[in-house]
file entry31.pdb (PDB, C-alpha atoms)
ATOM      1  CA  MET A   1     -43.560 -45.514  12.919  1.00  0.00           C
ATOM      2  CA  VAL A   2     -43.798 -41.951  14.225  1.00  0.00           C
ATOM      3  CA  SER A   3     -45.299 -39.415  11.830  1.00  0.00           C
ATOM      4  CA  VAL A   4     -43.516 -36.207  10.856  1.00  0.00           C
ATOM      5  CA  GLU A   5     -46.337 -34.254  12.480  1.00  0.00           C
ATOM      6  CA  GLN A   6     -45.753 -36.080  15.785  1.00  0.00           C
ATOM      7  CA  VAL A   7     -42.003 -35.413  15.633  1.00  0.00           C
ATOM      8  CA  ILE A   8     -42.701 -31.719  14.981  1.00  0.00           C
ATOM      9  CA  LYS A   9     -45.189 -31.556  17.841  1.00  0.00           C
ATOM     10  CA  GLU A  10     -42.731 -33.156  20.246  1.00  0.00           C
ATOM     11  CA  ALA A  11     -39.824 -31.018  19.039  1.00  0.00           C
ATOM     12  CA  LEU A  12     -41.832 -27.830  19.550  1.00  0.00           C
ATOM     13  CA  SER A  13     -42.577 -28.863  23.128  1.00  0.00           C
ATOM     14  CA  LEU A  14     -38.859 -28.968  23.986  1.00  0.00           C
ATOM     15  CA  PRO A  15     -37.182 -26.115  25.867  1.00  0.00           C
ATOM     16  CA  SER A  16     -35.806 -23.458  23.529  1.00  0.00           C
ATOM     17  CA  ALA A  17     -32.143 -24.434  24.099  1.00  0.00           C
ATOM     18  CA  TRP A  18     -32.910 -28.024  23.098  1.00  0.00           C
ATOM     19  CA  ARG A  19     -34.876 -26.857  20.045  1.00  0.00           C
ATOM     20  CA  ALA A  20     -31.899 -24.722  19.005  1.00  0.00           C
ATOM     21  CA  LEU A  21     -29.586 -27.720  19.349  1.00  0.00           C
ATOM     22  CA  LEU A  22     -31.992 -29.892  17.374  1.00  0.00           C
ATOM     23  CA  ALA A  23     -32.235 -27.252  14.630  1.00  0.00           C
ATOM     24  CA  GLN A  24     -28.456 -27.014  14.468  1.00  0.00           C
ATOM     25  CA  LYS A  25     -28.096 -30.789  14.156  1.00  0.00           C
ATOM     26  CA  LEU A  26     -30.751 -30.941  11.442  1.00  0.00           C
ATOM     27  CA  VAL A  27     -29.049 -28.203   9.419  1.00  0.00           C
ATOM     28  CA  GLU A  28     -25.665 -29.883   9.864  1.00  0.00           C
ATOM     29  CA  SER A  29     -27.163 -33.120   8.557  1.00  0.00           C
ATOM     30  CA  LEU A  30     -28.028 -31.336   5.292  1.00  0.00           C
ATOM     31  CA  GLU A  31     -24.632 -29.769   4.750  1.00  0.00           C
ATOM     32  CA  PHE A  32     -23.149 -32.836   3.065  1.00  0.00           C
ATOM     33  CA  ASP A  33     -25.155 -31.912  -0.033  1.00  0.00           C
ATOM     34  CA  VAL A  34     -23.235 -28.644  -0.502  1.00  0.00           C
ATOM     35  CA  ASP A  35     -21.843 -28.149  -3.997  1.00  0.00           C
ATOM     36  CA  GLU A  36     -18.218 -27.163  -3.410  1.00  0.00           C
ATOM     37  CA  ASN A  37     -18.069 -25.039  -6.591  1.00  0.00           C
ATOM     38  CA  LEU A  38     -21.207 -23.162  -5.638  1.00  0.00           C
ATOM     39  CA  GLN A  39     -19.915 -22.694  -2.091  1.00  0.00           C
ATOM     40  CA  ALA A  40     -16.653 -21.235  -3.450  1.00  0.00           C
ATOM     41  CA  LEU A  41     -18.618 -18.806  -5.632  1.00  0.00           C
ATOM     42  CA  TRP A  42     -20.683 -17.632  -2.642  1.00  0.00           C
ATOM     43  CA  VAL A  43     -17.557 -17.145  -0.524  1.00  0.00           C
ATOM     44  CA  SER A  44     -15.957 -15.160  -3.337  1.00  0.00           C
ATOM     45  CA  GLU A  45     -19.072 -12.986  -3.707  1.00  0.00           C
ATOM     46  CA  ALA A  46     -19.260 -12.384   0.053  1.00  0.00           C
ATOM     47  CA  LYS A  47     -15.606 -11.306   0.159  1.00  0.00           C
ATOM     48  CA  LYS A  48     -16.129  -8.990  -2.825  1.00  0.00           C
ATOM     49  CA  ARG A  49     -19.098  -7.328  -1.127  1.00  0.00           C
ATOM     50  CA  ARG A  50     -17.174  -7.061   2.147  1.00  0.00           C
ATOM     51  CA  ASP A  51     -14.312  -5.360   0.342  1.00  0.00           C
ATOM     52  CA  GLU A  52     -16.698  -2.948  -1.409  1.00  0.00           C
ATOM     53  CA  ILE A  53     -18.113  -1.892   1.952  1.00  0.00           C
ATOM     54  CA  ARG A  54     -14.676  -1.570   3.555  1.00  0.00           C
ATOM     55  CA  SER A  55     -13.439   0.601   0.684  1.00  0.00           C
ATOM     56  CA  SER A  56     -16.618   2.746   0.822  1.00  0.00           C
ATOM     57  CA  MET A  57     -17.485   1.849  -2.787  1.00  0.00           C
ATOM     58  CA  VAL A  58     -20.956   0.987  -1.508  1.00  0.00           C
ATOM     59  CA  GLN A  59     -22.853   1.956   1.617  1.00  0.00           C
ATOM     60  CA  PRO A  60     -24.678  -0.798   3.493  1.00  0.00           C
ATOM     61  CA  ILE A  61     -28.298  -0.390   4.464  1.00  0.00           C
ATOM     62  CA  PRO A  62     -30.156  -2.021   7.373  1.00  0.00           C
ATOM     63  CA  GLY A  63     -31.676  -5.393   6.546  1.00  0.00           C
ATOM     64  CA  GLU A  64     -35.238  -4.258   7.216  1.00  0.00           C
ATOM     65  CA  GLU A  65     -34.816  -1.379   4.773  1.00  0.00           C
ATOM     66  CA  GLY A  66     -33.434  -3.729   2.121  1.00  0.00           C
ATOM     67  CA  LEU A  67     -36.338  -6.130   2.573  1.00  0.00           C
ATOM     68  CA  ALA A  68     -38.814  -3.254   2.366  1.00  0.00           C
ATOM     69  CA  ARG A  69     -37.252  -2.134  -0.929  1.00  0.00           C
ATOM     70  CA  VAL A  70     -37.483  -5.641  -2.362  1.00  0.00           C
ATOM     71  CA  ARG A  71     -41.105  -5.975  -1.234  1.00  0.00           C
ATOM     72  CA  ARG A  72     -41.964  -2.673  -2.955  1.00  0.00           C
ATOM     73  CA  LEU A  73     -40.319  -3.890  -6.171  1.00  0.00           C
ATOM     74  CA  LEU A  74     -42.344  -7.119  -6.046  1.00  0.00           C
ATOM     75  CA  GLU A  75     -45.703  -5.442  -5.435  1.00  0.00           C
ATOM     76  CA  PRO A  76     -48.138  -5.707  -8.341  1.00  0.00           C
TER      77      PRO A  76
END
call {"tool": "encode", "arguments": {"input": "entry31.pdb", "output": "structure tokens"}}
result
Amino acid sequence: MVSVEQVIKEALSLPSAWRALLAQKLVESLEFDVDENLQALWVSEAKKRRDEIRSSMVQPIPGEEGLARVRRLLEP
């Protein structure tokens, strides 16, 4: 039996395109566990936020700036 560490080591030695394909297949293999109700809520929330941006109710900020703000809030 191959250990998880050995699989990881071998996967990391693959060319980047193959690693990307492997990552995609691994993520797809997890998607069967998606809670349909939760997925519908996330889609609804995403559409609401999209509409708020399109209507100029809110102004988007760059992702790095948003992460920096969150990090500052979490600092002790």
call {"tool": "axis_aligned_box", "arguments": {"input": "entry31.pdb", "around": "region 47-65 of chain A", "padding_each_side": "8 Å", "output": "JSON"}}
result
{"center_x": -24.3, "center_y": -4.3, "center_z": 2.3, "size_x": 37.8, "size_y": 30.1, "size_z": 26.2}
call {"tool": "atom_distance", "arguments": {"input": "entry31.pdb", "atom1": "CA of Ala46 (chain A)", "atom2": "CA of Pro60 (chain A)"}}
result
13.2 Å
call {"tool": "residues_around", "arguments": {"input": "entry31.pdb", "residues": "region 21-26 of chain A", "least_positions_apart": "4", "cutoff": "12 Å", "atoms": "only C-alpha atoms", "output": "JSON, numbers by chain"}}
result
{"A": [7, 8, 10, 11, 12, 14, 15, 16, 17, 30, 31, 32]}
call {"tool": "atom_distance", "arguments": {"input": "entry31.pdb", "atom1": "CA of Glu65 (chain A)", "atom2": "CA of Gln39 (chain A)"}}
result
26.9 Å
call {"tool": "atom_distance", "arguments": {"input": "entry31.pdb", "atom1": "CA of Gln59 (chain A)", "atom2": "CA of Lys47 (chain A)"}}
result
15.2 Å
call {"tool": "build_atoms", "arguments": {"input": "entry31.pdb", "residues": "region 22-52 of chain A", "atoms": "N, CA and C atoms", "output": "PDB file, in the coordinates of the input"}}
result
ATOM      1  N   LEU A  22     -31.377 -29.018  18.373  1.00  0.00           N
ATOM      2  CA  LEU A  22     -31.992 -29.892  17.374  1.00  0.00           C
ATOM      3  C   LEU A  22     -31.947 -29.252  15.994  1.00  0.00           C
ATOM      4  N   ALA A  23     -32.272 -27.962  15.916  1.00  0.00           N
ATOM      5  CA  ALA A  23     -32.235 -27.252  14.630  1.00  0.00           C
ATOM      6  C   ALA A  23     -30.824 -27.257  14.062  1.00  0.00           C
ATOM      7  N   GLN A  24     -29.847 -27.005  14.921  1.00  0.00           N
ATOM      8  CA  GLN A  24     -28.456 -27.014  14.468  1.00  0.00           C
ATOM      9  C   GLN A  24     -28.074 -28.375  13.909  1.00  0.00           C
ATOM     10  N   LYS A  25     -28.434 -29.432  14.609  1.00  0.00           N
ATOM     11  CA  LYS A  25     -28.096 -30.789  14.156  1.00  0.00           C
ATOM     12  C   LYS A  25     -28.800 -31.123  12.846  1.00  0.00           C
ATOM     13  N   LEU A  26     -30.032 -30.685  12.692  1.00  0.00           N
ATOM     14  CA  LEU A  26     -30.751 -30.941  11.442  1.00  0.00           C
ATOM     15  C   LEU A  26     -30.099 -30.211  10.275  1.00  0.00           C
ATOM     16  N   VAL A  27     -29.716 -28.964  10.483  1.00  0.00           N
ATOM     17  CA  VAL A  27     -29.049 -28.203   9.419  1.00  0.00           C
ATOM     18  C   VAL A  27     -27.708 -28.846   9.087  1.00  0.00           C
ATOM     19  N   GLU A  28     -26.954 -29.228  10.103  1.00  0.00           N
ATOM     20  CA  GLU A  28     -25.665 -29.883   9.864  1.00  0.00           C
ATOM     21  C   GLU A  28     -25.841 -31.161   9.055  1.00  0.00           C
ATOM     22  N   SER A  29     -26.942 -31.869   9.277  1.00  0.00           N
ATOM     23  CA  SER A  29     -27.163 -33.120   8.557  1.00  0.00           C
ATOM     24  C   SER A  29     -27.416 -32.887   7.074  1.00  0.00           C
ATOM     25  N   LEU A  30     -27.784 -31.668   6.689  1.00  0.00           N
ATOM     26  CA  LEU A  30     -28.028 -31.336   5.292  1.00  0.00           C
ATOM     27  C   LEU A  30     -26.785 -30.821   4.588  1.00  0.00           C
ATOM     28  N   GLU A  31     -25.787 -30.429   5.335  1.00  0.00           N
ATOM     29  CA  GLU A  31     -24.632 -29.769   4.750  1.00  0.00           C
ATOM     30  C   GLU A  31     -23.785 -30.664   3.854  1.00  0.00           C
ATOM     31  N   PHE A  32     -23.930 -31.961   3.932  1.00  0.00           N
ATOM     32  CA  PHE A  32     -23.149 -32.836   3.065  1.00  0.00           C
ATOM     33  C   PHE A  32     -23.526 -32.670   1.600  1.00  0.00           C
ATOM     34  N   ASP A  33     -24.692 -32.097   1.340  1.00  0.00           N
ATOM     35  CA  ASP A  33     -25.155 -31.912  -0.033  1.00  0.00           C
ATOM     36  C   ASP A  33     -24.625 -30.626  -0.669  1.00  0.00           C
ATOM     37  N   VAL A  34     -23.727 -29.929  -0.004  1.00  0.00           N
ATOM     38  CA  VAL A  34     -23.235 -28.644  -0.502  1.00  0.00           C
ATOM     39  C   VAL A  34     -22.357 -28.865  -1.730  1.00  0.00           C
ATOM     40  N   ASP A  35     -22.651 -28.134  -2.780  1.00  0.00           N
ATOM     41  CA  ASP A  35     -21.843 -28.149  -3.997  1.00  0.00           C
ATOM     42  C   ASP A  35     -20.622 -27.280  -3.735  1.00  0.00           C
ATOM     43  N   GLU A  36     -19.446 -27.875  -3.744  1.00  0.00           N
ATOM     44  CA  GLU A  36     -18.218 -27.163  -3.410  1.00  0.00           C
ATOM     45  C   GLU A  36     -17.955 -25.986  -4.350  1.00  0.00           C
ATOM     46  N   ASN A  37     -18.261 -26.135  -5.633  1.00  0.00           N
ATOM     47  CA  ASN A  37     -18.069 -25.039  -6.591  1.00  0.00           C
ATOM     48  C   ASN A  37     -18.997 -23.878  -6.282  1.00  0.00           C
ATOM     49  N   LEU A  38     -20.239 -24.203  -5.978  1.00  0.00           N
ATOM     50  CA  LEU A  38     -21.207 -23.162  -5.638  1.00  0.00           C
ATOM     51  C   LEU A  38     -20.809 -22.483  -4.329  1.00  0.00           C
ATOM     52  N   GLN A  39     -20.355 -23.263  -3.366  1.00  0.00           N
ATOM     53  CA  GLN A  39     -19.915 -22.694  -2.091  1.00  0.00           C
ATOM     54  C   GLN A  39     -18.757 -21.724  -2.314  1.00  0.00           C
ATOM     55  N   ALA A  40     -17.803 -22.097  -3.161  1.00  0.00           N
ATOM     56  CA  ALA A  40     -16.653 -21.235  -3.450  1.00  0.00           C
ATOM     57  C   ALA A  40     -17.101 -19.930  -4.106  1.00  0.00           C
ATOM     58  N   LEU A  41     -18.092 -20.014  -4.992  1.00  0.00           N
ATOM     59  CA  LEU A  41     -18.618 -18.806  -5.632  1.00  0.00           C
ATOM     60  C   LEU A  41     -19.266 -17.878  -4.614  1.00  0.00           C
ATOM     61  N   TRP A  42     -20.034 -18.452  -3.667  1.00  0.00           N
ATOM     62  CA  TRP A  42     -20.683 -17.632  -2.642  1.00  0.00           C
ATOM     63  C   TRP A  42     -19.647 -16.973  -1.733  1.00  0.00           C
ATOM     64  N   VAL A  43     -18.610 -17.715  -1.365  1.00  0.00           N
ATOM     65  CA  VAL A  43     -17.557 -17.145  -0.524  1.00  0.00           C
ATOM     66  C   VAL A  43     -16.870 -16.004  -1.259  1.00  0.00           C
ATOM     67  N   SER A  44     -16.590 -16.201  -2.532  1.00  0.00           N
ATOM     68  CA  SER A  44     -15.957 -15.160  -3.337  1.00  0.00           C
ATOM     69  C   SER A  44     -16.839 -13.912  -3.415  1.00  0.00           C
ATOM     70  N   GLU A  45     -18.134 -14.107  -3.633  1.00  0.00           N
ATOM     71  CA  GLU A  45     -19.072 -12.986  -3.707  1.00  0.00           C
ATOM     72  C   GLU A  45     -19.154 -12.253  -2.369  1.00  0.00           C
ATOM     73  N   ALA A  46     -19.200 -13.001  -1.275  1.00  0.00           N
ATOM     74  CA  ALA A  46     -19.260 -12.384   0.053  1.00  0.00           C
ATOM     75  C   ALA A  46     -18.015 -11.543   0.326  1.00  0.00           C
ATOM     76  N   LYS A  47     -16.850 -12.054  -0.046  1.00  0.00           N
ATOM     77  CA  LYS A  47     -15.606 -11.306   0.159  1.00  0.00           C
ATOM     78  C   LYS A  47     -15.579 -10.045  -0.706  1.00  0.00           C
ATOM     79  N   LYS A  48     -16.077 -10.159  -1.936  1.00  0.00           N
ATOM     80  CA  LYS A  48     -16.129  -8.990  -2.825  1.00  0.00           C
ATOM     81  C   LYS A  48     -17.015  -7.901  -2.220  1.00  0.00           C
ATOM     82  N   ARG A  49     -18.179  -8.297  -1.725  1.00  0.00           N
ATOM     83  CA  ARG A  49     -19.098  -7.328  -1.127  1.00  0.00           C
ATOM     84  C   ARG A  49     -18.508  -6.732   0.145  1.00  0.00           C
ATOM     85  N   ARG A  50     -17.845  -7.564   0.946  1.00  0.00           N
ATOM     86  CA  ARG A  50     -17.174  -7.061   2.147  1.00  0.00           C
ATOM     87  C   ARG A  50     -16.147  -6.003   1.784  1.00  0.00           C
ATOM     88  N   ASP A  51     -15.353  -6.301   0.774  1.00  0.00           N
ATOM     89  CA  ASP A  51     -14.312  -5.360   0.342  1.00  0.00           C
ATOM     90  C   ASP A  51     -14.910  -4.060  -0.194  1.00  0.00           C
ATOM     91  N   GLU A  52     -16.036  -4.152  -0.903  1.00  0.00           N
ATOM     92  CA  GLU A  52     -16.698  -2.948  -1.409  1.00  0.00           C
ATOM     93  C   GLU A  52     -17.177  -2.061  -0.264  1.00  0.00           C
TER      94      GLU A  52
END
